[in-house]
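Asker: What follows is a single structure, and I will ask about it in a moment.
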Amino acid sequence: YDASRAHGDPRRYVDSEAVPYVALPAPFTESLGCRLGDLAWVERTSLDGAVHRSAAIFADVAPPSAPLGEGSIALADRLGVPSDPRAGGTFRVSVRYVVFCGIGAPAWPRAVADVDAEAARLERARLAREARSCPRR
């Protein structure tokens with residue numbers, strides 16, 4: 001989302017074919033303090049057990065009635081999900097989202113490689129914190 005562009009200019013909006021992003025319903029994001037530009041880590045386990053991972057950016061607010069976890073064409077491609085906007089997607093409970101609320105992009109537009117690197121760093125840090133907080137047996 002590039003607020004410096006006019007509302008009718010397609011460059012104002014995030015390119016669904018090029019940028020892996022998620023759209024989350026407003027009530028969900030408001031309760032957690034998430035803002036457009038925050039980063040996310042998304043994982044999908046396919047039927048054969050393979051795990052597909054991708055960084056993403058929170059780039060769109062979905063209607064309250066939309067299913068949680070709507071993603072861009074680029075994100076679907078990375079996760080091995082059919083990416084056709086009309087017939088693609090998955091309703092299986094196979095996708096897990098971690099949204100790093102309050103940790104957004106310093107400026108948009110931002111290179112996808114930067115989103116990938118920063119979200120991967122945040123996910124590694126989250127997993128390390130989680131491992132340290134688990135009780136030992």
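In the structure tokens, each chain is lettered A, B, ... as it comes, each chain's residues begin at 1, and ligands are numbered from 1 in order of appearance.
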Write down as a ChimeraX atom specification the residues of chain A whose backbone DSSP state falls under helix (DSSP H, G or I).
Answerer: /A:10-12,26-32,73-79,112-133
Asker: Within chain A, find each residue whose DSSP state, derived from the backbone, is strand (DSSP E or B), and express the selection as number ranges by chain.
Answerer: A: 21-25, 38-45, 51-62, 70-71, 95-104
Asker: For A:Tyr13, which residue out of A:Glu123, A:Glu70, A:Asp116, A:Asp60 is the nearest one, using only C-alpha atoms?
Answerer: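 Ranked by minimum distance to A:Tyr13, first place goes to A:Asp60.
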Asker: Using only C-alpha atoms, find the one residue out of A:Arg126, A:Arg86, A:Arg5, A:Arg132 that sits nearest to A:Val98.
Answerer: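 Once distances to A:Val98 are computed over only C-alpha atoms, the minimum belongs to A:Arg126.
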Asker: Within 9 Å of A:Asp84, counting only C-alpha atoms, which residues show up once you throw out same-chain ones fewer than 5 positions away? Write them as a PyMOL selection string, please.
Answerer: chain A and resi 73+76+89
Asker: So the first atom is atom CA of A:Leu36 and the second is atom CA of A:Ser83; what is the distance between them in Å, to one decimal place?
Answerer: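 If I compute the distance from atom CA of A:Leu36 to atom CA of A:Ser83, I get 22.3 Å.
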Asker: So, with only C-alpha atoms as the atoms that count, which of A:Arg53, A:Val61, A:Ala113, A:Phe100 lies closest to A:Pro27?
Answerer: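 Ranking A:Arg53, A:Val61, A:Ala113, A:Phe100 by distance to A:Pro27, first place goes to A:Val61.
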Asker: May I have the residues within 8 Å of A:Ala26 as a list in words, using only C-alpha atoms and disregarding those fewer than 2 positions away in the same chain?
Answerer: Leu24, Phe28, Thr29, Glu30, Val61, Ala62, Pro63 and Pro64 of chain A
Asker: Counting only C-alpha atoms, which of A:Ala18, A:Ala120, A:Ala6, A:Ala125 gets nearest to A:Asp77?
Answerer: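 Among the listed residues, the smallest separation from A:Asp77 belongs to A:Ala18.
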Asker: Using Å and a single decimal, report how far atom CA of A:Ala40 sits from atom CA of A:Phe58.
Answerer: 6.8 Å
Asker: One number please: atom CA of A:Leu47 to atom CA of A:Val99, in Å, one decimal.
Answerer: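 About the pair atom CA of A:Leu47 and atom CA of A:Val99: they are 24.1 Å apart.
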